[in-house]
Amino acid sequence: AQSVTQLDSQVPVFEEAPVELRCNYSSSVSVYLFWYVQYPNQGLQLLLKYLSGSTLVKGINGFEAEFNKSQTSFHLRKPSVHISDTAEYFCAVSERGGKLIFGQGTELSVKP
Amino acid sequence: DTEVTQTPKHLVMGMTNKKSLKCEQHMGHRAMYWYKQKAKKPPELMFVYSYEKLSINESVPSRFSPECPNSSLLNLHLHALQPEDSALYLCASSQELSSNQPQHFGDGTRLSIL
């Protein structure tokens, strides 16, 4: 069975600093990987996805992620965060049949 | 703005009540999902419909009853719920039920059971 590990439950960072949210997955087959963001009192919004091709994936709001097959990682990065990036971030891997397996989430807290 | 619309946004009900949650999408997606999310936790899959047929039931108690009347609508009927069922209920849709199709989520219904 596939699994996803988000290595940090909370990441505090100052505004305009860079940030990296770490995600590792376990899978023995081809993987499709996703990052979602959940703002307070909202649903999940797709930030970016890796299906195939270039290992560097660009998403919305200035985020990007790098797929690393040898390290089974899909870390999310942003070079300069804003207060408005404060949210919960979920990494997910898609199983056969379309079922999403989520990590436990990382709470990003951006401080002024 | 989300393209998956859920109503109501908030619902408070007693343990003996019957209520329904509604979800609508007009993106032409043929797969629709119900998730339950507790605070500070990831969403947990409950049900999946593909082409209006129930495809996955994650061993959800029978007090939750899903319904897919057409390709744009998904309902979740609630009856005799327990306090532990209080949570955010999220609906999602994807183009097809396939592992390479991203899911699009609504903003959820926050359910409180008294």
# chains A, B, ... in the order shown; residues from 1 in each chain; ligands from 1
$ interface_residues --of "chain A" --to "chain B" --cutoff "8 Å" --atoms "only C-alpha atoms" --output "list in words"
Tyr32, Phe34, Asn41, Gln42, Gly43, Leu44, Gln45, Leu46, Lys49, Leu51, Phe90, Ser94, Glu95, Arg96, Gly97, Gly98, Lys99, Phe102, Gly103, Gln104 and Gly105 of chain A
$ select_by_dssp --residues "chain A" --states "helix (DSSP H, G or I)" --output "MDAnalysis selection string"
chainID A and resid 60:62 83:85
$ atom_distance --atom1 "CA of Ala17 (chain A)" --atom2 "CA of Ala87 (chain A)"
15.8 Å
$ residues_around --residues "region 56-62 of chain A" --least-positions-apart "2" --cutoff "9 Å" --atoms "only C-alpha atoms" --output "ChimeraX atom specification"
/A:46-50,53-54,64-67,77-81,85
$ write_last_selection --atoms "all heavy atoms" --output "short mmCIF file (atom, residue, chain, number, x, y, z; two decimals), in the first residue's frame"
data_model
loop_
_atom_site.label_atom_id
_atom_site.label_comp_id
_atom_site.auth_asym_id
_atom_site.auth_seq_id
_atom_site.Cartn_x
_atom_site.Cartn_y
_atom_site.Cartn_z
N LEU A 46 -6.04 22.75 -5.17
CA LEU A 46 -4.89 22.12 -5.81
C LEU A 46 -3.82 23.18 -6.08
O LEU A 46 -4.06 24.17 -6.76
CB LEU A 46 -5.30 21.46 -7.12
CG LEU A 46 -4.22 20.75 -7.90
CD1 LEU A 46 -3.72 19.51 -7.14
CD2 LEU A 46 -4.73 20.33 -9.28
N LEU A 47 -2.61 22.95 -5.54
CA LEU A 47 -1.47 23.84 -5.78
C LEU A 47 -0.72 23.43 -7.04
O LEU A 47 -0.36 24.26 -7.86
CB LEU A 47 -0.50 23.78 -4.61
CG LEU A 47 -0.70 24.73 -3.43
CD1 LEU A 47 0.38 24.44 -2.38
CD2 LEU A 47 -0.64 26.18 -3.85
N LEU A 48 -0.42 22.13 -7.13
CA LEU A 48 0.32 21.62 -8.27
C LEU A 48 0.24 20.10 -8.29
O LEU A 48 -0.18 19.49 -7.31
CB LEU A 48 1.79 22.08 -8.24
CG LEU A 48 2.58 21.94 -6.95
CD1 LEU A 48 3.07 20.53 -6.72
CD2 LEU A 48 3.77 22.90 -6.94
N LYS A 49 0.65 19.53 -9.43
CA LYS A 49 0.60 18.08 -9.58
C LYS A 49 1.79 17.62 -10.41
O LYS A 49 2.29 18.35 -11.29
CB LYS A 49 -0.70 17.65 -10.26
CG LYS A 49 -0.92 18.21 -11.65
CD LYS A 49 -2.27 17.80 -12.19
CE LYS A 49 -2.49 18.30 -13.62
NZ LYS A 49 -2.76 19.73 -13.68
N TYR A 50 2.26 16.41 -10.10
CA TYR A 50 3.26 15.74 -10.94
C TYR A 50 2.61 14.48 -11.50
O TYR A 50 2.20 13.59 -10.75
CB TYR A 50 4.51 15.37 -10.14
CG TYR A 50 5.44 14.53 -10.98
CD1 TYR A 50 6.24 15.11 -11.96
CD2 TYR A 50 5.46 13.14 -10.85
CE1 TYR A 50 7.05 14.34 -12.76
CE2 TYR A 50 6.27 12.37 -11.65
CZ TYR A 50 7.07 12.96 -12.61
OH TYR A 50 7.86 12.20 -13.41
N GLY A 53 6.96 13.57 -16.94
CA GLY A 53 7.72 14.62 -17.61
C GLY A 53 8.69 15.33 -16.69
O GLY A 53 9.31 14.70 -15.82
N SER A 54 8.80 16.63 -16.83
CA SER A 54 9.77 17.41 -16.07
C SER A 54 9.58 17.21 -14.57
O SER A 54 8.45 17.24 -14.06
CB SER A 54 9.63 18.90 -16.39
OG SER A 54 10.45 19.67 -15.53
N GLU A 64 6.44 25.81 -6.18
CA GLU A 64 6.95 24.80 -7.08
C GLU A 64 7.35 23.58 -6.25
O GLU A 64 7.55 23.67 -5.03
CB GLU A 64 8.15 25.31 -7.89
CG GLU A 64 9.36 25.68 -7.08
CD GLU A 64 10.50 26.19 -7.95
OE1 GLU A 64 10.24 26.81 -9.00
OE2 GLU A 64 11.66 25.97 -7.56
N ALA A 65 7.46 22.44 -6.92
CA ALA A 65 7.86 21.21 -6.24
C ALA A 65 8.75 20.42 -7.16
O ALA A 65 8.65 20.52 -8.39
CB ALA A 65 6.64 20.39 -5.84
N GLU A 66 9.64 19.64 -6.57
CA GLU A 66 10.56 18.81 -7.34
C GLU A 66 10.33 17.34 -7.03
O GLU A 66 10.39 16.92 -5.86
CB GLU A 66 12.00 19.18 -7.06
CG GLU A 66 12.98 18.41 -7.95
CD GLU A 66 14.28 19.14 -8.14
OE1 GLU A 66 14.58 20.04 -7.35
OE2 GLU A 66 15.00 18.79 -9.09
N PHE A 67 10.06 16.57 -8.06
CA PHE A 67 9.89 15.13 -7.93
C PHE A 67 11.27 14.49 -7.99
O PHE A 67 12.03 14.68 -8.94
CB PHE A 67 9.02 14.61 -9.07
CG PHE A 67 8.95 13.10 -9.15
CD1 PHE A 67 8.38 12.37 -8.13
CD2 PHE A 67 9.44 12.43 -10.26
CE1 PHE A 67 8.31 10.98 -8.20
CE2 PHE A 67 9.36 11.05 -10.35
CZ PHE A 67 8.80 10.32 -9.32
N ARG A 77 8.28 24.13 -2.44
CA ARG A 77 9.12 25.28 -2.12
C ARG A 77 8.48 26.57 -2.61
O ARG A 77 7.70 26.59 -3.56
CB ARG A 77 10.50 25.15 -2.79
CG ARG A 77 11.25 23.92 -2.41
CD ARG A 77 12.65 23.92 -3.03
NE ARG A 77 13.36 22.70 -2.69
CZ ARG A 77 13.53 21.68 -3.53
NH1 ARG A 77 13.05 21.74 -4.75
NH2 ARG A 77 14.18 20.60 -3.14
N LYS A 78 8.84 27.64 -1.90
CA LYS A 78 8.49 28.98 -2.36
C LYS A 78 9.64 29.91 -1.95
O LYS A 78 10.07 29.87 -0.79
CB LYS A 78 7.16 29.45 -1.75
CG LYS A 78 6.69 30.79 -2.33
CD LYS A 78 5.27 31.12 -1.94
CE LYS A 78 4.84 32.45 -2.57
NZ LYS A 78 3.43 32.79 -2.28
N PRO A 79 10.14 30.71 -2.86
CA PRO A 79 11.33 31.52 -2.56
C PRO A 79 11.06 32.67 -1.59
O PRO A 79 11.98 33.11 -0.89
CB PRO A 79 11.76 32.07 -3.93
CG PRO A 79 10.58 31.93 -4.82
CD PRO A 79 9.75 30.81 -4.29
N SER A 80 9.81 33.15 -1.53
CA SER A 80 9.50 34.29 -0.66
C SER A 80 8.02 34.21 -0.26
O SER A 80 7.14 34.36 -1.11
CB SER A 80 9.79 35.60 -1.39
OG SER A 80 9.40 36.71 -0.60
N VAL A 81 7.77 33.93 1.01
CA VAL A 81 6.38 33.71 1.44
C VAL A 81 5.73 35.01 1.90
O VAL A 81 6.41 35.96 2.30
CB VAL A 81 6.28 32.65 2.56
CG1 VAL A 81 6.69 31.30 2.04
CG2 VAL A 81 7.10 33.05 3.78
N ASP A 85 0.04 33.19 2.79
CA ASP A 85 0.37 31.77 2.57
C ASP A 85 0.14 30.93 3.83
O ASP A 85 0.27 29.71 3.79
CB ASP A 85 1.82 31.62 2.13
CG ASP A 85 2.07 32.19 0.75
OD1 ASP A 85 1.20 32.03 -0.13
OD2 ASP A 85 3.15 32.81 0.55
#
$ residues_around --residues "Pro112 (chain A)" --least-positions-apart "6" --cutoff "9 Å" --atoms "only C-alpha atoms" --output "JSON, numbers by chain"
{"A": [13, 14, 15, 16, 82, 83]}
$ write_last_selection --atoms "N, CA and C atoms" --output "tab-separated table (two decimals), in the first residue's frame"
chain	number	residue	atom	x	y	z
A	13	VAL	N	7.72	30.59	9.81
A	13	VAL	CA	8.70	31.29	8.96
A	13	VAL	C	8.31	32.76	8.93
A	14	PHE	N	9.33	33.61	8.75
A	14	PHE	CA	9.05	35.04	8.64
A	14	PHE	C	8.68	35.41	7.21
A	15	GLU	N	7.88	36.46	7.10
A	15	GLU	CA	7.46	36.96	5.79
A	15	GLU	C	8.68	37.27	4.92
A	16	GLU	N	8.58	36.95	3.64
A	16	GLU	CA	9.61	37.16	2.61
A	16	GLU	C	10.76	36.16	2.70
A	82	HIS	N	4.40	35.00	1.83
A	82	HIS	CA	3.59	36.14	2.29
A	82	HIS	C	2.72	35.69	3.45
A	83	ILE	N	2.23	36.66	4.18
A	83	ILE	CA	1.32	36.36	5.29
A	83	ILE	C	0.15	35.51	4.80
$ atom_distance --atom1 "CA of Met32 (chain B)" --atom2 "CA of Ala1 (chain A)"
22.8 Å
